[in-house]
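Okay, query-v4.csv is below, CSV, C-alpha atoms and all ligand atoms:
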```csv
chain,number,residue,atom,x,y,z
A,1,MET,CA,21.0,88.5,137.9
A,2,PHE,CA,18.8,91.1,136.2
A,3,ASP,CA,16.2,89.4,134.0
A,4,SER,CA,16.1,91.8,131.2
A,5,MET,CA,13.7,89.7,129.1
A,6,SER,CA,11.0,89.7,131.8
A,7,PHE,CA,11.5,93.4,132.3
A,8,ARG,CA,11.0,93.9,128.6
A,9,ALA,CA,8.1,91.6,128.4
A,10,ALA,CA,6.2,94.0,130.7
A,11,PHE,CA,6.3,96.7,128.0
A,12,SER,CA,3.9,95.9,125.1
A,13,SER,CA,4.7,99.3,123.5
A,14,VAL,CA,8.4,98.1,123.2
A,15,ILE,CA,7.7,94.6,122.1
A,16,ASN,CA,5.1,95.5,119.5
A,17,SER,CA,7.0,98.5,118.2
A,18,ASP,CA,8.6,98.9,114.8
A,19,PHE,CA,11.0,101.3,116.3
A,20,VAL,CA,14.2,100.8,118.4
A,21,TYR,CA,13.8,103.2,121.3
A,22,PHE,CA,17.0,104.9,122.7
A,23,ASP,CA,15.4,108.2,123.8
A,24,ASN,CA,14.8,107.1,127.3
A,25,ALA,CA,16.3,110.2,129.0
A,26,ALA,CA,13.6,112.2,127.3
A,27,THR,CA,10.7,110.0,128.3
A,28,ALA,CA,10.5,106.3,129.2
A,29,GLN,CA,8.1,103.7,127.6
A,30,LYS,CA,5.3,102.6,129.9
A,31,PRO,CA,4.8,99.1,131.4
A,32,ASP,CA,1.4,97.5,130.8
A,33,CYS,CA,0.5,97.6,134.5
A,34,MET,CA,0.8,101.4,134.5
A,35,VAL,CA,-1.4,101.7,131.3
A,36,LYS,CA,-3.9,99.3,132.9
A,37,ALA,CA,-4.0,101.2,136.2
A,38,LEU,CA,-4.7,104.4,134.3
A,39,SER,CA,-7.5,102.8,132.3
A,40,ASP,CA,-9.0,101.0,135.3
A,41,TYR,CA,-9.1,104.2,137.2
A,42,TYR,CA,-10.9,106.1,134.5
A,43,GLY,CA,-13.0,103.0,133.5
A,44,SER,CA,-14.4,102.2,136.9
A,45,ALA,CA,-12.9,104.1,139.9
A,46,LEU,CA,-13.0,107.8,139.0
A,47,GLY,CA,-14.1,110.2,141.7
A,48,SER,CA,-13.2,113.6,142.9
A,49,ALA,CA,-10.4,113.1,145.3
A,50,GLY,CA,-10.4,115.4,148.4
A,51,ARG,CA,-13.9,116.7,147.6
A,52,GLY,CA,-17.2,115.3,148.8
A,53,GLN,CA,-18.3,112.3,150.7
A,54,ASN,CA,-19.8,110.1,148.0
A,55,PRO,CA,-18.3,106.6,147.7
A,56,LEU,CA,-16.4,107.3,144.5
A,57,SER,CA,-14.9,110.5,146.0
A,58,GLU,CA,-13.8,108.6,149.1
A,59,LYS,CA,-12.3,105.8,147.0
A,60,ALA,CA,-10.4,108.2,144.8
A,61,SER,CA,-9.1,110.1,147.9
A,62,ALA,CA,-7.9,106.9,149.5
A,63,ALA,CA,-6.2,105.8,146.2
A,64,TYR,CA,-4.5,109.2,145.9
A,65,ALA,CA,-3.3,109.1,149.5
A,66,ALA,CA,-2.0,105.5,149.0
A,67,ALA,CA,-0.1,106.7,145.9
A,68,ARG,CA,1.5,109.5,147.9
A,69,ARG,CA,2.6,106.9,150.5
A,70,SER,CA,4.2,104.8,147.7
A,71,VAL,CA,6.2,107.8,146.5
A,72,MET,CA,7.2,108.6,150.1
A,73,ARG,CA,8.6,105.0,150.5
A,74,PHE,CA,10.3,105.2,147.1
A,75,ILE,CA,12.4,108.1,148.1
A,76,GLY,CA,12.8,107.4,151.8
A,77,ALA,CA,10.7,110.3,153.0
A,78,ALA,CA,9.4,110.3,156.5
A,79,LYS,CA,5.8,111.6,156.1
A,80,PRO,CA,3.2,111.7,153.3
A,81,SER,CA,3.0,115.5,153.9
A,82,GLU,CA,6.5,115.8,152.6
A,83,ILE,CA,5.4,114.6,149.1
A,84,ILE,CA,3.8,117.3,147.0
A,85,PHE,CA,2.3,116.2,143.6
A,86,THR,CA,3.0,118.6,140.8
A,87,THR,CA,2.7,118.3,137.0
A,88,GLY,CA,6.5,117.5,136.6
A,89,ALA,CA,10.0,118.4,137.5
A,90,THR,CA,9.8,121.7,135.7
A,91,ASP,CA,6.7,122.6,137.6
A,92,SER,CA,8.3,121.5,140.9
A,93,LEU,CA,11.3,123.7,140.3
A,94,ASN,CA,9.2,126.7,139.2
A,95,MET,CA,7.2,126.4,142.4
A,96,LEU,CA,10.3,126.3,144.5
A,97,ALA,CA,11.9,129.2,142.6
A,98,ALA,CA,8.7,131.3,143.0
A,99,SER,CA,8.8,130.6,146.7
A,100,TYR,CA,12.5,131.5,147.1
A,101,ARG,CA,12.0,134.5,144.9
A,102,ARG,CA,10.1,136.1,147.8
A,103,ARG,CA,13.1,135.7,150.1
A,104,LEU,CA,15.9,136.7,147.7
A,105,THR,CA,17.5,140.1,148.3
A,106,LYS,CA,20.3,141.9,146.4
A,107,LYS,CA,22.8,140.5,148.9
A,108,SER,CA,21.8,136.8,148.5
A,109,ASN,CA,22.7,134.2,146.0
A,110,ILE,CA,21.5,130.9,144.6
A,111,VAL,CA,24.0,128.3,143.5
A,112,ILE,CA,23.4,125.8,140.7
A,113,SER,CA,25.8,123.8,138.6
A,114,ALA,CA,26.9,123.9,134.9
A,115,LEU,CA,25.4,120.4,134.5
A,116,GLU,CA,21.8,121.6,134.9
A,117,HIS,CA,18.9,121.0,132.6
A,118,ASN,CA,17.2,124.3,131.8
A,119,ALA,CA,14.4,123.3,134.2
A,120,ASN,CA,16.9,123.8,137.0
A,121,TYR,CA,18.5,126.9,135.5
A,122,LEU,CA,16.0,129.2,133.9
A,123,PRO,CA,13.6,129.4,137.0
A,124,TRP,CA,16.6,130.4,139.2
A,125,LYS,CA,18.0,132.8,136.6
A,126,ASN,CA,14.6,134.5,136.3
A,127,ALA,CA,14.1,134.7,140.1
A,128,CYS,CA,17.6,136.1,140.7
A,129,GLU,CA,17.2,138.6,137.9
A,130,GLU,CA,13.9,139.8,139.3
A,131,ALA,CA,15.3,140.1,142.8
A,132,GLY,CA,18.7,141.6,141.8
A,133,ALA,CA,20.3,138.5,143.5
A,134,GLU,CA,23.3,136.6,142.1
A,135,LEU,CA,23.1,133.3,140.4
A,136,ARG,CA,26.3,131.4,140.9
A,137,ILE,CA,27.3,128.5,138.7
A,138,ILE,CA,29.6,125.7,139.7
A,139,GLU,CA,31.8,125.1,136.7
A,140,LEU,CA,32.9,121.8,135.1
A,141,LEU,CA,36.3,120.3,135.0
A,142,ALA,CA,37.7,119.2,131.6
A,143,ASP,CA,36.3,115.7,132.0
A,144,GLY,CA,32.7,117.0,132.5
A,145,SER,CA,32.6,116.5,136.2
A,146,LEU,CA,31.8,119.3,138.7
A,147,ASP,CA,34.6,121.4,140.1
A,148,MET,CA,34.0,120.6,143.8
A,149,ASP,CA,36.6,123.2,144.9
A,150,ALA,CA,34.7,125.8,143.0
A,151,ALA,CA,31.6,124.7,144.7
A,152,ARG,CA,33.2,125.2,148.1
A,153,ARG,CA,34.2,128.7,147.1
A,154,LEU,CA,30.8,129.6,145.7
A,155,ILE,CA,28.6,128.5,148.5
A,156,ASP,CA,28.8,131.1,151.2
A,157,GLU,CA,26.9,132.7,154.0
A,158,ASN,CA,24.8,134.6,151.5
A,159,THR,CA,23.7,131.5,149.7
A,160,LEU,CA,20.0,130.9,150.2
A,161,LEU,CA,19.8,127.7,148.3
A,162,LEU,CA,21.9,125.2,146.4
A,163,SER,CA,20.0,123.5,143.6
A,164,VAL,CA,21.9,120.7,141.7
A,165,THR,CA,21.2,117.8,139.5
A,166,ALA,CA,21.9,114.3,140.7
A,167,ALA,CA,22.7,113.3,137.1
A,168,SER,CA,23.2,115.1,133.9
A,169,ASN,CA,20.7,114.6,131.0
A,170,LEU,CA,23.5,115.4,128.6
A,171,THR,CA,26.2,113.0,129.7
A,172,GLY,CA,24.7,110.8,132.4
A,173,ARG,CA,27.4,112.2,134.8
A,174,LEU,CA,26.5,111.6,138.4
A,175,THR,CA,27.2,114.4,140.9
A,176,ASP,CA,28.3,113.9,144.5
A,177,VAL,CA,25.0,115.1,145.9
A,178,ARG,CA,25.7,114.3,149.5
A,179,ALA,CA,28.9,116.3,149.5
A,180,LEU,CA,27.2,119.3,147.9
A,181,CYS,CA,24.2,119.2,150.3
A,182,ASP,CA,26.7,119.1,153.2
A,183,MET,CA,28.5,122.1,151.8
A,184,ALA,CA,25.1,124.0,151.6
A,185,HIS,CA,24.1,123.1,155.1
A,186,GLU,CA,27.5,124.0,156.5
A,187,ALA,CA,27.0,127.5,155.0
A,188,GLY,CA,23.4,127.7,156.4
A,189,ALA,CA,21.8,127.2,153.0
A,190,ALA,CA,19.1,124.8,151.9
A,191,ALA,CA,19.8,122.1,149.3
A,192,ALA,CA,17.5,121.0,146.4
A,193,VAL,CA,18.2,118.0,144.2
A,194,ASP,CA,16.9,117.5,140.6
A,195,ALA,CA,16.7,113.7,140.5
A,196,SER,CA,14.9,113.6,137.1
A,197,GLN,CA,17.6,111.6,135.4
A,198,TYR,CA,18.7,109.7,138.5
A,199,VAL,CA,15.4,108.1,139.4
A,200,PRO,CA,15.0,105.9,136.3
A,201,HIS,CA,18.3,104.2,137.3
A,202,ILE,CA,18.8,104.5,141.0
A,203,ALA,CA,16.1,104.8,143.7
A,204,PRO,CA,16.9,108.1,145.4
A,205,ASP,CA,17.1,108.3,149.2
A,206,VAL,CA,16.5,111.7,150.6
A,207,ASN,CA,18.3,110.6,153.8
A,208,VAL,CA,21.4,109.5,152.0
A,209,PHE,CA,21.4,112.8,150.0
A,210,ASP,CA,20.4,114.8,153.2
A,211,CYS,CA,18.6,117.2,150.8
A,212,ASP,CA,15.8,119.6,151.8
A,213,TYR,CA,14.0,119.3,148.5
A,214,LEU,CA,14.0,116.7,145.7
A,215,VAL,CA,12.2,116.9,142.4
A,216,PHE,CA,11.5,114.5,139.5
A,217,SER,CA,8.9,113.7,136.8
A,218,ALA,CA,7.0,110.4,136.8
A,219,HIS,CA,7.2,110.0,133.0
A,220,LYS,CA,11.0,109.5,133.0
A,221,VAL,CA,10.6,106.6,135.4
A,222,TYR,CA,8.1,104.7,133.4
A,223,GLY,CA,5.1,106.5,134.9
A,224,PRO,CA,2.5,108.8,133.4
A,225,GLU,CA,3.0,112.2,131.9
A,226,GLY,CA,1.6,115.2,133.8
A,227,LEU,CA,2.7,114.0,137.2
A,228,GLY,CA,5.8,115.1,139.2
A,229,VAL,CA,7.0,115.3,142.7
A,230,LEU,CA,8.3,118.0,144.9
A,231,TYR,CA,9.7,116.5,148.2
A,232,CYS,CA,10.1,119.0,151.0
A,233,ARG,CA,11.7,118.2,154.3
A,234,GLU,CA,9.0,118.4,157.0
A,235,SER,CA,10.8,121.1,159.0
A,236,LEU,CA,10.8,123.4,156.0
A,237,LEU,CA,7.2,122.9,154.9
A,238,ASP,CA,5.9,125.9,156.8
A,239,THR,CA,8.5,128.1,155.3
A,240,LEU,CA,7.1,127.6,151.8
A,241,ALA,CA,4.2,129.8,150.9
A,242,PRO,CA,1.4,128.2,148.8
A,243,PHE,CA,2.3,128.2,145.1
A,244,ARG,CA,-1.2,128.2,143.8
A,245,TYR,CA,-4.5,129.4,145.2
A,246,GLY,CA,-7.8,127.7,144.6
A,247,GLY,CA,-10.0,124.8,145.6
A,248,GLY,CA,-9.0,122.3,148.2
A,249,MET,CA,-6.0,124.2,149.7
A,250,ALA,CA,-7.6,126.4,152.4
A,251,GLU,CA,-10.4,126.6,155.0
A,252,GLU,CA,-12.6,129.5,155.8
A,253,HIS,CA,-13.3,130.4,159.4
A,254,GLY,CA,-15.5,133.5,160.0
A,255,GLY,CA,-14.4,135.1,156.8
A,256,ASN,CA,-10.7,134.3,157.3
A,257,ILE,CA,-9.1,132.1,154.7
A,258,ILE,CA,-6.5,129.8,156.3
A,259,PRO,CA,-4.3,127.6,154.2
A,260,LEU,CA,-4.5,123.9,155.1
A,261,PRO,CA,-1.3,122.0,156.1
A,262,SER,CA,0.8,120.2,153.4
A,263,PRO,CA,0.1,118.5,151.0
A,264,GLU,CA,-3.3,120.2,150.5
A,265,ARG,CA,-1.7,123.6,151.0
A,266,PHE,CA,0.3,123.1,147.8
A,267,GLU,CA,-2.1,121.2,145.6
A,268,ALA,CA,-4.9,123.6,144.8
A,269,GLY,CA,-7.4,122.5,142.1
A,270,THR,CA,-8.4,119.0,140.9
A,271,HIS,CA,-5.7,116.4,141.3
A,272,HIS,CA,-4.2,114.1,138.8
A,273,VAL,CA,-5.5,111.0,140.7
A,274,ALA,CA,-5.3,108.7,137.6
A,275,GLY,CA,-1.6,109.7,137.2
A,276,ALA,CA,-0.8,109.2,140.9
A,277,VAL,CA,-2.5,105.8,141.0
A,278,ALA,CA,-0.8,104.7,137.8
A,279,PHE,CA,2.5,105.9,139.1
A,280,ALA,CA,2.0,103.8,142.3
A,281,ALA,CA,1.5,100.8,140.0
A,282,THR,CA,4.7,101.6,138.2
A,283,LEU,CA,6.7,101.8,141.4
A,284,ASP,CA,5.2,98.5,142.5
A,285,PHE,CA,6.3,97.0,139.2
A,286,LEU,CA,9.8,98.4,139.6
A,287,SER,CA,10.2,97.1,143.2
A,288,GLY,CA,10.2,93.6,141.7
A,289,PHE,CA,13.7,94.2,140.1
A,290,ASP,CA,17.0,94.8,141.9
A,291,ALA,CA,18.0,98.4,141.0
A,292,GLY,CA,21.7,97.7,141.2
A,293,GLU,CA,21.4,94.7,138.8
A,294,LYS,CA,19.2,96.8,136.5
A,295,LEU,CA,21.9,99.5,136.4
A,296,ALA,CA,24.7,97.0,135.9
A,297,TYR,CA,22.8,95.6,132.9
A,298,THR,CA,22.1,99.0,131.2
A,299,ARG,CA,25.7,100.0,131.9
A,300,SER,CA,26.9,96.9,130.1
A,301,LEU,CA,25.0,98.0,127.0
A,302,SER,CA,26.4,101.5,127.4
A,303,ASP,CA,29.9,100.1,127.7
A,304,TYR,CA,29.4,98.1,124.6
A,305,VAL,CA,28.2,101.1,122.6
A,306,TYR,CA,31.1,103.2,123.9
A,307,SER,CA,33.8,100.7,123.2
A,308,SER,CA,32.5,99.8,119.8
A,309,LEU,CA,32.1,103.4,118.5
A,310,SER,CA,35.1,104.9,120.2
A,311,ALA,CA,37.3,102.4,118.5
A,312,GLY,CA,36.4,104.1,115.2
A,313,ARG,CA,37.9,107.5,114.1
A,314,GLY,CA,36.0,110.8,114.2
A,315,ILE,CA,33.6,110.0,117.0
A,316,ASN,CA,33.9,111.8,120.3
A,317,PHE,CA,32.0,110.9,123.5
A,318,ILE,CA,31.3,114.0,125.6
A,319,GLY,CA,31.9,113.9,129.3
A,320,HIS,CA,32.0,110.1,129.3
A,321,SER,CA,32.9,108.0,132.2
A,322,ARG,CA,32.2,104.3,132.9
A,323,GLU,CA,30.6,105.4,136.2
A,324,ASN,CA,28.0,107.6,134.4
A,325,LEU,CA,24.4,106.6,134.0
A,326,PRO,CA,23.8,104.9,130.6
A,327,VAL,CA,23.4,108.2,128.7
A,328,LEU,CA,25.9,108.8,125.9
A,329,SER,CA,26.4,112.1,124.1
A,330,LEU,CA,28.3,111.9,120.8
A,331,THR,CA,29.8,114.4,118.3
A,332,PHE,CA,31.3,113.5,114.9
A,333,GLU,CA,34.2,115.1,113.1
A,334,GLY,CA,32.8,116.5,109.9
A,335,VAL,CA,29.2,115.4,110.4
A,336,SER,CA,26.4,117.1,112.3
A,337,PRO,CA,24.7,115.0,115.0
A,338,SER,CA,21.3,116.0,113.7
A,339,ASP,CA,22.1,114.6,110.2
A,340,ILE,CA,23.0,111.3,111.8
A,341,ASP,CA,19.9,111.4,113.9
A,342,LEU,CA,17.8,112.0,110.8
A,343,MET,CA,19.3,109.1,109.0
A,344,LEU,CA,18.8,106.8,112.0
A,345,SER,CA,15.2,108.0,112.3
A,346,MET,CA,14.6,106.8,108.8
A,347,ARG,CA,15.8,103.4,109.8
A,348,GLY,CA,13.6,103.2,112.9
A,349,PHE,CA,15.9,104.4,115.6
A,350,CYS,CA,14.6,106.9,118.2
A,351,LEU,CA,17.4,109.0,119.5
A,352,ARG,CA,17.8,112.7,120.2
A,353,SER,CA,20.1,115.3,118.8
A,354,GLY,CA,20.6,119.0,119.6
A,355,LYS,CA,21.1,120.8,122.9
A,356,HIS,CA,18.8,118.7,125.0
A,357,CYS,CA,17.3,121.7,126.9
A,358,ALA,CA,20.7,121.9,128.6
A,359,PHE,CA,22.1,125.2,127.5
A,360,LEU,CA,24.7,125.3,130.4
A,361,PRO,CA,26.5,122.0,129.9
A,362,VAL,CA,26.1,122.0,126.1
A,363,SER,CA,27.8,125.4,125.8
A,364,ARG,CA,30.7,124.2,127.8
A,365,LEU,CA,31.1,120.7,126.4
A,366,ALA,CA,29.7,120.6,122.9
A,367,ALA,CA,28.5,123.9,121.6
A,368,GLY,CA,27.1,122.5,118.4
A,369,GLY,CA,24.9,120.0,120.2
A,370,THR,CA,25.3,116.2,120.4
A,371,LEU,CA,23.6,112.9,119.4
A,372,ARG,CA,22.2,111.4,122.6
A,373,ILE,CA,21.8,107.7,123.2
A,374,SER,CA,19.9,106.9,126.4
A,375,ILE,CA,19.5,103.3,127.4
A,376,ALA,CA,16.7,101.6,129.4
A,377,PRO,CA,16.6,98.1,130.9
A,378,TYR,CA,14.2,96.9,128.1
A,379,ASN,CA,16.9,97.6,125.5
A,380,THR,CA,18.7,94.5,124.3
A,381,PRO,CA,22.3,93.7,123.3
A,382,ASP,CA,20.9,93.1,119.8
A,383,GLU,CA,19.4,96.6,119.6
A,384,ALA,CA,22.7,98.0,120.8
A,385,GLU,CA,24.6,96.1,118.2
A,386,LYS,CA,22.2,97.4,115.4
A,387,LEU,CA,22.5,100.9,116.7
A,388,VAL,CA,26.3,100.8,116.7
A,389,PHE,CA,26.3,99.5,113.1
A,390,ALA,CA,23.8,102.1,111.9
A,391,ILE,CA,25.6,105.0,113.5
A,392,ALA,CA,29.0,104.0,112.0
A,393,GLU,CA,27.4,103.4,108.6
A,394,ALA,CA,25.5,106.8,108.7
A,395,LYS,CA,28.7,108.6,109.6
A,396,GLU,CA,30.6,107.0,106.8
A,397,TYR,CA,27.8,107.7,104.3
A,398,LEU,CA,27.5,111.4,105.3
A,399,LEU,CA,31.3,111.9,105.1
A,400,ARG,CA,31.5,110.3,101.7
A,401,LYS,CA,28.6,112.5,100.4
A,402,LYS,CA,30.6,115.5,101.4
A,403,ILE,CA,33.7,114.7,99.3
B,1,LIG,N1,15.7,117.9,134.9
B,1,LIG,C1,16.4,117.1,134.1
B,1,LIG,C2,17.8,116.6,134.5
B,1,LIG,C3,15.8,116.6,133.0
B,1,LIG,O1,16.5,115.8,132.2
B,1,LIG,C4,14.5,117.1,132.6
B,1,LIG,C5,13.9,116.6,131.4
B,1,LIG,O2,14.5,116.2,130.4
B,1,LIG,C6,13.8,118.0,133.5
B,1,LIG,C7,14.5,118.4,134.6
B,1,LIG,C8,12.5,118.5,133.2
B,1,LIG,O3,11.5,117.4,133.2
B,1,LIG,P1,10.0,117.7,132.7
B,1,LIG,O4,10.1,118.2,131.3
B,1,LIG,O5,9.4,116.3,132.8
B,1,LIG,O6,9.4,118.7,133.7
```
In structure tokens, what does this structure look like?
Ligand code: PLP
Amino acid sequence: MFDSMSFRAAFSSVINSDFVYFDNAATAQKPDCMVKALSDYYGSALGSAGRGQNPLSEKASAAYAAARRSVMRFIGAAKPSEIIFTTGATDSLNMLAASYRRRLTKKSNIVISALEHNANYLPWKNACEEAGAELRIIELLADGSLDMDAARRLIDENTLLLSVTAASNLTGRLTDVRALCDMAHEAGAAAAVDASQYVPHIAPDVNVFDCDYLVFSAHKVYGPEGLGVLYCRESLLDTLAPFRYGGGMAEEHGGNIIPLPSPERFEAGTHHVAGAVAFAATLDFLSGFDAGEKLAYTRSLSDYVYSSLSAGRGINFIGHSRENLPVLSLTFEGVSPSDIDLMLSMRGFCLRSGKHCAFLPVSRLAAGGTLRISIAPYNTPDEAEKLVFAIAEAKEYLLRKKI
């Protein structure tokens, strides 16, 4: 069984906090081992990775390469060269969109879904607008799931790429990534997966998804800020042009500049070695816990919050399903989510209200925005109970004030 107390014990920032943190879909708290790895690297191991032959440079290069291999194993990739470090999921998706922008024509289309975070919407919208190409959006069914029949109709021989989220940051809804990737491949298109909300709860496997690209940010899976991943299937690496030009990504032969192979080709400039090393420490920590048990635990907290609050009147759960990841989006009859958020903030709860950088799903499911509760394995039943009580109380108070 998942030992939530030993998981929680690894997070001093949680244990010593005066706040109750339920904003995990925005960013996760950090385990002590990750903070220590960051500080150890800067304190005693810093060198310029990929540059120079001095001992610290070589040590940093080896640590950076080892971190890349950790990420490779984490997502089931075949080769380190398939792992490109970026500054985050947004960066990864912008890089991919910039590359696809060169290939888009007026005849072609990109397919995304109505569950996307803006990071997997706006780069494609912009690329399609610039190229005069079509951006197609797989719509939602009334329950907040993707309309898979519509997906089948939208993905066609002119689709260059399908780019879909594995899980919604608004509702926690999981998508059938494999089925969508299969549809893309059958139409001759490539398939990209935004795993940003998926990775904190389920270890992604690029072989199970059969995706060509996969992106996520380290900070959402208990790792450092400023580090992200762009996985690219080996056979497609040569089809991607370098995204950035600068130091460390090319060689010069007789006046000719020749880009290096991946990953150097895509990682111009000084690397975030501290971040990569600290992320490897995070992944090592996570490997000590069974992911399935961890998810069962957070789902049990999510179930408790759902069943307690949905029993009361005037509270709606948006796109909820028990199979979702433990992310709950709520609206209230007669009360705005941001007022509840504000009241709860004053009582030490960290939640999030608004549109959650998710214009597409919010406009379809809850145009006025929602209050989001996102649960992590360091949250406790006691915290969930206090949260339920505080939300119900805040709602009643705000309703009474209106009368
Ligand atoms: N994709 C999803 C589903 C997200 O939830 C987020 C952030 O909330 C992002 C992409 C962007 O992540 P970042 O801001 O770390 O680049």
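Excluding A:Asp156 itself and same-chain residues fewer than 2 positions from it, the residues having an atom within 12 Å of it are Lys107, Ser108, Asn109, Ile110, Val111, Glu134, Arg136, Ala150, Ala151, Arg152, Arg153, Leu154, Asn158, Thr159, Leu160, Leu161, Leu162, Met183, Ala184, His185, Glu186, Ala187, Gly188, Ala189 and Ala190 of chain A, counting all atoms listed in the file.
Compared by their closest atoms to ligand LIG 1 (chain B), and using all atoms listed in the file, the residues A:Asn316, A:Thr87, A:Ser81, A:Ser145 rank with A:Thr87 nearest.
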Point to revise | Selected residue, from A:Asn118, A:Asn256, A:Ser99, A:Ser363, that lies nearest to A:Asp238 when counting only C-alpha atoms | key: A:Ser99
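Between atom CA of A:Pro242 and atom CA of A:His117 lies a distance of 24.9 Å.
When atom CA of A:Thr298 is paired with atom CA of A:Pro200, their separation reads 11.1 Å.
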Nearby residues (all atoms listed in the file) at most 7 Å from stretch 12-25 of chain A, same-chain spacing under 2 positions excluded, as a PDB file with C-alpha atoms, in the frame of the given file:
```
ATOM      1  CA  ALA A   9       8.100  91.600 128.400  1.00  0.00           C
ATOM      2  CA  ALA A  10       6.200  94.000 130.700  1.00  0.00           C
ATOM      3  CA  THR A  27      10.700 110.000 128.300  1.00  0.00           C
ATOM      4  CA  ALA A  28      10.500 106.300 129.200  1.00  0.00           C
ATOM      5  CA  GLN A  29       8.100 103.700 127.600  1.00  0.00           C
ATOM      6  CA  ASP A  32       1.400  97.500 130.800  1.00  0.00           C
ATOM      7  CA  ASN A 169      20.700 114.600 131.000  1.00  0.00           C
ATOM      8  CA  GLN A 197      17.600 111.600 135.400  1.00  0.00           C
ATOM      9  CA  LYS A 220      11.000 109.500 133.000  1.00  0.00           C
ATOM     10  CA  GLY A 348      13.600 103.200 112.900  1.00  0.00           C
ATOM     11  CA  PHE A 349      15.900 104.400 115.600  1.00  0.00           C
ATOM     12  CA  CYS A 350      14.600 106.900 118.200  1.00  0.00           C
ATOM     13  CA  LEU A 351      17.400 109.000 119.500  1.00  0.00           C
ATOM     14  CA  ARG A 352      17.800 112.700 120.200  1.00  0.00           C
ATOM     15  CA  ILE A 373      21.800 107.700 123.200  1.00  0.00           C
ATOM     16  CA  SER A 374      19.900 106.900 126.400  1.00  0.00           C
ATOM     17  CA  ILE A 375      19.500 103.300 127.400  1.00  0.00           C
ATOM     18  CA  ALA A 376      16.700 101.600 129.400  1.00  0.00           C
ATOM     19  CA  GLU A 383      19.400  96.600 119.600  1.00  0.00           C
TER      20      GLU A 383
END
```
Need to verify the contact set: A:Ser113, 7 Å, all atoms listed in the file, exclusion of same-chain residues closer than 5 positions in sequence. Can you return it as a PDB file with C-alpha atoms, keeping the file's coordinate frame?
```pdb
ATOM      1  CA  ILE A 137      27.300 128.500 138.700  1.00  0.00           C
ATOM      2  CA  ILE A 138      29.600 125.700 139.700  1.00  0.00           C
ATOM      3  CA  GLU A 139      31.800 125.100 136.700  1.00  0.00           C
ATOM      4  CA  VAL A 164      21.900 120.700 141.700  1.00  0.00           C
TER       5      VAL A 164
END
```
Check your understanding: Which residue out of A:Ala311, A:Ala281, A:Ala89, A:Ala78 has the minimum interatomic distance to A:Asn207 when only C-alpha atoms are used?
Key ->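 For A:Asn207, the nearest of the candidates is A:Ala78.
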Within 8 Å of ligand LIG 1 (chain B), counting all atoms listed in the file: which residues, as a PDB file with C-alpha atoms, keeping the file's coordinate frame?
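Once written, out_34.pdb looks like this:
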```pdb
ATOM      1  CA  ALA A  25      16.300 110.200 129.000  1.00  0.00           C
ATOM      2  CA  ALA A  26      13.600 112.200 127.300  1.00  0.00           C
ATOM      3  CA  THR A  27      10.700 110.000 128.300  1.00  0.00           C
ATOM      4  CA  THR A  87       2.700 118.300 137.000  1.00  0.00           C
ATOM      5  CA  GLY A  88       6.500 117.500 136.600  1.00  0.00           C
ATOM      6  CA  ALA A  89      10.000 118.400 137.500  1.00  0.00           C
ATOM      7  CA  THR A  90       9.800 121.700 135.700  1.00  0.00           C
ATOM      8  CA  ASP A  91       6.700 122.600 137.600  1.00  0.00           C
ATOM      9  CA  SER A  92       8.300 121.500 140.900  1.00  0.00           C
ATOM     10  CA  GLU A 116      21.800 121.600 134.900  1.00  0.00           C
ATOM     11  CA  HIS A 117      18.900 121.000 132.600  1.00  0.00           C
ATOM     12  CA  ASN A 118      17.200 124.300 131.800  1.00  0.00           C
ATOM     13  CA  ALA A 119      14.400 123.300 134.200  1.00  0.00           C
ATOM     14  CA  ASN A 120      16.900 123.800 137.000  1.00  0.00           C
ATOM     15  CA  THR A 165      21.200 117.800 139.500  1.00  0.00           C
ATOM     16  CA  ALA A 166      21.900 114.300 140.700  1.00  0.00           C
ATOM     17  CA  ALA A 167      22.700 113.300 137.100  1.00  0.00           C
ATOM     18  CA  SER A 168      23.200 115.100 133.900  1.00  0.00           C
ATOM     19  CA  ASN A 169      20.700 114.600 131.000  1.00  0.00           C
ATOM     20  CA  LEU A 170      23.500 115.400 128.600  1.00  0.00           C
ATOM     21  CA  ASP A 194      16.900 117.500 140.600  1.00  0.00           C
ATOM     22  CA  ALA A 195      16.700 113.700 140.500  1.00  0.00           C
ATOM     23  CA  SER A 196      14.900 113.600 137.100  1.00  0.00           C
ATOM     24  CA  GLN A 197      17.600 111.600 135.400  1.00  0.00           C
ATOM     25  CA  PHE A 216      11.500 114.500 139.500  1.00  0.00           C
ATOM     26  CA  SER A 217       8.900 113.700 136.800  1.00  0.00           C
ATOM     27  CA  ALA A 218       7.000 110.400 136.800  1.00  0.00           C
ATOM     28  CA  HIS A 219       7.200 110.000 133.000  1.00  0.00           C
ATOM     29  CA  LYS A 220      11.000 109.500 133.000  1.00  0.00           C
ATOM     30  CA  GLU A 225       3.000 112.200 131.900  1.00  0.00           C
ATOM     31  CA  GLY A 226       1.600 115.200 133.800  1.00  0.00           C
ATOM     32  CA  GLY A 228       5.800 115.100 139.200  1.00  0.00           C
ATOM     33  CA  HIS A 356      18.800 118.700 125.000  1.00  0.00           C
ATOM     34  CA  CYS A 357      17.300 121.700 126.900  1.00  0.00           C
TER      35      CYS A 357
END
```
Check your understanding: Looking at all atoms listed in the file, which of A:Leu398, A:Val305, A:Ile340, A:Met249 is the one that sits closest to A:Thr380?
Key ->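 Residue with the minimum atom-to-atom distance to A:Thr380: A:Val305.
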Review point. Can you tell me, as a PyMOL selection string, which residues sit within 8 Å of (10.4, 107.3, 144.2) in the file's frame, using all atoms listed in the file?
Key: chain A and resi 70-76+199+203-204+283
